[in-house]
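Report on the structure given below.
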Amino acid sequence: MSNYKTIKQITQAAPPHMVGDGFKVRNFIGQSLWQDLSPFLMLDYNEPWDVLPTNHPRGVDVHPHKGFETVTIAWDGMVSHEDSSGGKGTIGPGDVQWMTAGSGILHKEFHAEEFSKKGGRFHMAQLWVNLPAANKNTPPAYQDLLDAQMGRYPLPDGRGEVRVIAGELNGTHGPARTFTRINIYDAQLQAGADWQLSLPEGDTLGIVVMKGNLLINDEQQARTGDLVVFGTHHTDVKIESNNEAHLLVLSGEPIREPIAAYGPFVMNTRQEIMDAIDEYNSGKYGVLH
């Protein structure tokens with residue numbers, strides 16, 4: 001009897017749209033996948049994009065968040081972040097910005113000034129990670145996770161490497177502090193790689209194929225642009241790459257709670273959303289110019 005996790009569906013991202021004037025993203029995780037991929041609520045993927053030089057950094061100006069965390073992963077280009085809790089930083093290739101909105105925060109994100117002046121390849125993703133009810137009002141916080149801090153797990157026969165951003169993989173740990181048990185892996189596979197992945201029974205799992213052509217569990221093909229969504233039963237996944245591949249692997253212990261979401265707020269009830277809007281309008285999220 002196979003212990004492979006069942007593939008529930010393979011989906012593709014929505015067509016690209018602009019967030020502000022700096023992020024050309026396709027959204028991979030919509031409301032229909034909230035239970036299957038809990039605690040992940042959204043994945044905005046900015047495919048590799050060649051940006052022309054400019055003296056006016058592109059980005060998204062001040063906006064609020066409450067009740068979850070934003071995780072920005074950079075592969076090419078540089079992004080600068082600033083928020084009303086005092087968090088501030090610039091990330092470049094391989095780095096991650098992890099912002100806990102918690103009880104409410106204002107933030108802004110722009111292409112870094114030095115990157116904007118030169119232009120170049122821009123390739124990023126932003127995840128929204130839900131917080132359980134017990135942590136939705138946690139104080140806002142910010143983690144700068146640099147490439148050098150990432151856990152690195154080599155695949156057999158030197159056929160690739162998995163960067164562990166959060167959670168752990170076979171004893172290799174990621175640097176992110178998280179409120180629930182989650183794994184975020186950034187995996188580079190060479191042709192002929194054979195990765196046997198094992199996760200706790202009951203965990204959710206999604207694999208985004210940013211590049212490459214895979215055979216999963218000896219039966220299912222997955223190609224560039226696919227999100228492979230697995231069921232929570234069983235523990236194992238077998239990934240074989242036909243060519244060079246780049247994957248973002250998201251798994252975790254699901255948060256089995258109601259979700260009420262409106263724009264930049266994610267709570268458990270509609271009343272909590274109304275309260276969050278009132279808090280924002282009355283200035284409780286601080287000041288950011």
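Naming scheme: A, B, ... for chains in displayed order of the structure tokens; residues 1 onward per chain; ligands 1 onward as shown.
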
Per residue of stretch 12-81 of chain A within 7 Å of stretch 108-116 of chain A, record the nearest atom pair and its distance in Å to one decimal, counting only C-alpha atoms, with rows in chain order and ascending residue number, as JSON lines.
```
{"residue": "A:Gly22", "atom": "CA", "partner": "A:Phe110", "partner_atom": "CA", "distance": 6.9}
{"residue": "A:Pro53", "atom": "CA", "partner": "A:Ser116", "partner_atom": "CA", "distance": 5.5}
{"residue": "A:Thr54", "atom": "CA", "partner": "A:Ser116", "partner_atom": "CA", "distance": 5.5}
{"residue": "A:Asn55", "atom": "CA", "partner": "A:Ser116", "partner_atom": "CA", "distance": 6.6}
{"residue": "A:Pro57", "atom": "CA", "partner": "A:His111", "partner_atom": "CA", "distance": 5.5}
{"residue": "A:Arg58", "atom": "CA", "partner": "A:His111", "partner_atom": "CA", "distance": 5.6}
{"residue": "A:Gly59", "atom": "CA", "partner": "A:Phe110", "partner_atom": "CA", "distance": 3.9}
{"residue": "A:Val60", "atom": "CA", "partner": "A:Glu109", "partner_atom": "CA", "distance": 5.4}
{"residue": "A:Asp61", "atom": "CA", "partner": "A:Lys108", "partner_atom": "CA", "distance": 4.8}
{"residue": "A:Val62", "atom": "CA", "partner": "A:Lys108", "partner_atom": "CA", "distance": 4.6}
{"residue": "A:His63", "atom": "CA", "partner": "A:Lys108", "partner_atom": "CA", "distance": 6.5}
{"residue": "A:Gly77", "atom": "CA", "partner": "A:Phe115", "partner_atom": "CA", "distance": 6.5}
{"residue": "A:Met78", "atom": "CA", "partner": "A:Ala112", "partner_atom": "CA", "distance": 5.3}
{"residue": "A:Val79", "atom": "CA", "partner": "A:His111", "partner_atom": "CA", "distance": 4.4}
{"residue": "A:Ser80", "atom": "CA", "partner": "A:Ala112", "partner_atom": "CA", "distance": 5.0}
{"residue": "A:His81", "atom": "CA", "partner": "A:Glu109", "partner_atom": "CA", "distance": 4.7}
```

For those residues, write C-alpha atoms to a file as a compact mmCIF listing (two decimals), in the first residue's frame.
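File part_10.txt, as written:
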```
# COMPACT_ATOMS: atom_id res chain seq x y z
CA GLY A 22 6.25 47.76 -8.73
CA PRO A 53 16.22 52.00 -14.80
CA THR A 54 14.26 54.80 -13.11
CA ASN A 55 14.84 57.55 -10.56
CA PRO A 57 11.42 53.54 -7.23
CA ARG A 58 8.38 51.45 -8.09
CA GLY A 59 6.33 49.83 -5.36
CA VAL A 60 3.33 50.02 -3.04
CA ASP A 61 2.85 52.97 -0.70
CA VAL A 62 1.58 52.90 2.88
CA HIS A 63 -1.21 50.38 3.55
CA GLY A 77 16.21 42.39 -7.62
CA MET A 78 16.03 44.28 -4.33
CA VAL A 79 13.09 45.44 -2.19
CA SER A 80 13.05 47.94 0.67
CA HIS A 81 10.45 47.68 3.43
```

Spatial neighbours of A:Trp49, 9 Å, only C-alpha atoms, chain gap at least 4 places, as a list in words: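 Near A:Trp49, the qualifying residues are Lys24, Gly120, Arg121, Phe122 and His123 of chain A.
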
Okay, now the selection with N, CA and C atoms, as an mmCIF file, in the first residue's frame?
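In the end it all went to part21.cif:
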```cif
data_model
loop_
_atom_site.group_PDB
_atom_site.id
_atom_site.type_symbol
_atom_site.label_atom_id
_atom_site.label_comp_id
_atom_site.auth_asym_id
_atom_site.auth_seq_id
_atom_site.Cartn_x
_atom_site.Cartn_y
_atom_site.Cartn_z
ATOM 1 N N LYS A 24 4.448 42.929 -10.554
ATOM 2 C CA LYS A 24 3.589 42.349 -11.601
ATOM 3 C C LYS A 24 3.355 40.897 -11.218
ATOM 4 N N GLY A 120 17.096 45.983 -13.989
ATOM 5 C CA GLY A 120 17.570 44.595 -14.046
ATOM 6 C C GLY A 120 16.457 43.606 -13.810
ATOM 7 N N ARG A 121 16.836 42.348 -13.647
ATOM 8 C CA ARG A 121 15.873 41.264 -13.462
ATOM 9 C C ARG A 121 15.245 41.340 -12.069
ATOM 10 N N PHE A 122 13.904 41.211 -12.037
ATOM 11 C CA PHE A 122 13.145 41.271 -10.782
ATOM 12 C C PHE A 122 12.310 40.002 -10.682
ATOM 13 N N HIS A 123 12.502 39.226 -9.593
ATOM 14 C CA HIS A 123 11.840 37.925 -9.456
ATOM 15 C C HIS A 123 11.581 37.698 -7.964
#
```

Nearest candidate to A:Gly225 (options A:Ala245, A:Val237, A:Met150, A:Ala276; using only C-alpha atoms): A:Ala245

Shortest interatomic distance to A:Ser2 - which of A:His173, A:Thr235, A:Glu82, A:Gly20, counting only C-alpha atoms: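 Answer, going by the shortest atom-to-atom distance: A:Thr235.
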
Non-local contacts of A:Gln271 (12 Å; only C-alpha atoms; under 4 positions in same chain excluded) as a PyMOL selection string: chain A and resi 259-262+265-267+275-278

With N, CA, C and O atoms retained, write the just-selected residues as a PDB file, in the first residue's frame.
```
ATOM      1  N   ILE A 259     -12.445  31.688   8.843  1.00  0.00           N
ATOM      2  CA  ILE A 259     -11.675  32.808   8.293  1.00  0.00           C
ATOM      3  C   ILE A 259     -12.650  33.871   7.804  1.00  0.00           C
ATOM      4  O   ILE A 259     -13.566  33.582   7.030  1.00  0.00           O
ATOM      5  N   ALA A 260     -12.454  35.095   8.291  1.00  0.00           N
ATOM      6  CA  ALA A 260     -13.167  36.253   7.747  1.00  0.00           C
ATOM      7  C   ALA A 260     -12.092  37.177   7.189  1.00  0.00           C
ATOM      8  O   ALA A 260     -11.171  37.564   7.914  1.00  0.00           O
ATOM      9  N   ALA A 261     -12.187  37.487   5.900  1.00  0.00           N
ATOM     10  CA  ALA A 261     -11.148  38.312   5.264  1.00  0.00           C
ATOM     11  C   ALA A 261     -11.788  39.451   4.500  1.00  0.00           C
ATOM     12  O   ALA A 261     -12.837  39.282   3.867  1.00  0.00           O
ATOM     13  N   TYR A 262     -11.155  40.606   4.587  1.00  0.00           N
ATOM     14  CA  TYR A 262     -11.603  41.767   3.818  1.00  0.00           C
ATOM     15  C   TYR A 262     -10.366  42.584   3.493  1.00  0.00           C
ATOM     16  O   TYR A 262      -9.733  43.150   4.393  1.00  0.00           O
ATOM     17  N   PHE A 265      -7.167  42.701   5.812  1.00  0.00           N
ATOM     18  CA  PHE A 265      -7.439  42.209   7.162  1.00  0.00           C
ATOM     19  C   PHE A 265      -7.907  40.757   7.094  1.00  0.00           C
ATOM     20  O   PHE A 265      -8.771  40.421   6.280  1.00  0.00           O
ATOM     21  N   VAL A 266      -7.361  39.912   7.962  1.00  0.00           N
ATOM     22  CA  VAL A 266      -7.777  38.506   8.026  1.00  0.00           C
ATOM     23  C   VAL A 266      -8.028  38.148   9.482  1.00  0.00           C
ATOM     24  O   VAL A 266      -7.091  38.063  10.284  1.00  0.00           O
ATOM     25  N   MET A 267      -9.306  37.941   9.819  1.00  0.00           N
ATOM     26  CA  MET A 267      -9.689  37.632  11.196  1.00  0.00           C
ATOM     27  C   MET A 267     -10.543  36.361  11.194  1.00  0.00           C
ATOM     28  O   MET A 267     -10.550  35.617  10.227  1.00  0.00           O
ATOM     29  N   ASP A 275     -14.174  45.736  13.429  1.00  0.00           N
ATOM     30  CA  ASP A 275     -13.343  46.342  14.481  1.00  0.00           C
ATOM     31  C   ASP A 275     -11.968  46.744  13.929  1.00  0.00           C
ATOM     32  O   ASP A 275     -11.438  47.810  14.274  1.00  0.00           O
ATOM     33  N   ALA A 276     -11.400  45.882  13.069  1.00  0.00           N
ATOM     34  CA  ALA A 276     -10.076  46.177  12.492  1.00  0.00           C
ATOM     35  C   ALA A 276     -10.135  47.447  11.640  1.00  0.00           C
ATOM     36  O   ALA A 276      -9.213  48.277  11.684  1.00  0.00           O
ATOM     37  N   ILE A 277     -11.209  47.596  10.872  1.00  0.00           N
ATOM     38  CA  ILE A 277     -11.360  48.801  10.034  1.00  0.00           C
ATOM     39  C   ILE A 277     -11.483  50.036  10.928  1.00  0.00           C
ATOM     40  O   ILE A 277     -10.860  51.086  10.661  1.00  0.00           O
ATOM     41  N   ASP A 278     -12.264  49.913  12.011  1.00  0.00           N
ATOM     42  CA  ASP A 278     -12.408  51.041  12.952  1.00  0.00           C
ATOM     43  C   ASP A 278     -11.060  51.402  13.582  1.00  0.00           C
ATOM     44  O   ASP A 278     -10.725  52.587  13.715  1.00  0.00           O
TER      45      ASP A 278
END
```

Straight-line distance linking atom CA of A:Glu272 with atom CA of A:His65, stated in Å to one decimal: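 Answer for the atom CA of A:Glu272 to atom CA of A:His65 separation: 13.2 Å.
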
Selected residue, from A:Val209, A:Leu146, A:Ile105, A:Leu41, that lies nearest to A:Leu247 when counting only C-alpha atoms: A:Val209

A:His234 environment, 7 Å, only C-alpha atoms, sequence neighbours closer than 6 positions dropped, as a ChimeraX atom specification: /A:3-5,201

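With distances restricted to only C-alpha atoms, A:Val162 is the closest residue to A:Ala193 from A:Ile273, A:Val208, A:Leu169, A:Val162.
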
Please report as a tab-separated table every residue of stretch 56-79 of chain A lying within 8 Å of stretch 93-96 of chain A, along with the nearest atom pair and their distance in Å (one decimal), using only C-alpha atoms.
```
residue	atom	partner	partner_atom	distance
A:Val71	CA	A:Val96	CA	6.9
A:Thr72	CA	A:Val96	CA	5.5
A:Ile73	CA	A:Val96	CA	4.6
A:Ala74	CA	A:Pro93	CA	5.1
A:Trp75	CA	A:Pro93	CA	4.4
A:Asp76	CA	A:Pro93	CA	4.9
A:Gly77	CA	A:Pro93	CA	6.4
A:Met78	CA	A:Pro93	CA	7.0
```

DSSP-assigned helix (DSSP H, G or I) members of stretch 201-273 of chain A, reported as a PyMOL selection string: chain A and resi 270-273

Contacts of A:Pro254 within 7 Å, only C-alpha atoms, excl. fewer than 4 positions in-chain, as a PyMOL selection string: chain A and resi 38-39+203-204

Would you save the residues of that selection, restricted to C-alpha atoms, as a PDB file, in the first residue's frame?
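Writing the result to selection.pdb gives the following:
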```
ATOM      1  CA  SER A  38      -3.890  26.308   5.454  1.00  0.00           C
ATOM      2  CA  PRO A  39      -2.214  28.286   6.950  1.00  0.00           C
ATOM      3  CA  ASP A 203      -0.212  18.417   7.119  1.00  0.00           C
ATOM      4  CA  THR A 204      -1.217  20.423   4.069  1.00  0.00           C
TER       5      THR A 204
END
```

A:Ala176, A:Val25, A:Leu197, A:Met210 ranked by distance to A:Ala222, top pick (using only C-alpha atoms):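 Smallest distance to A:Ala222 is found for A:Met210.
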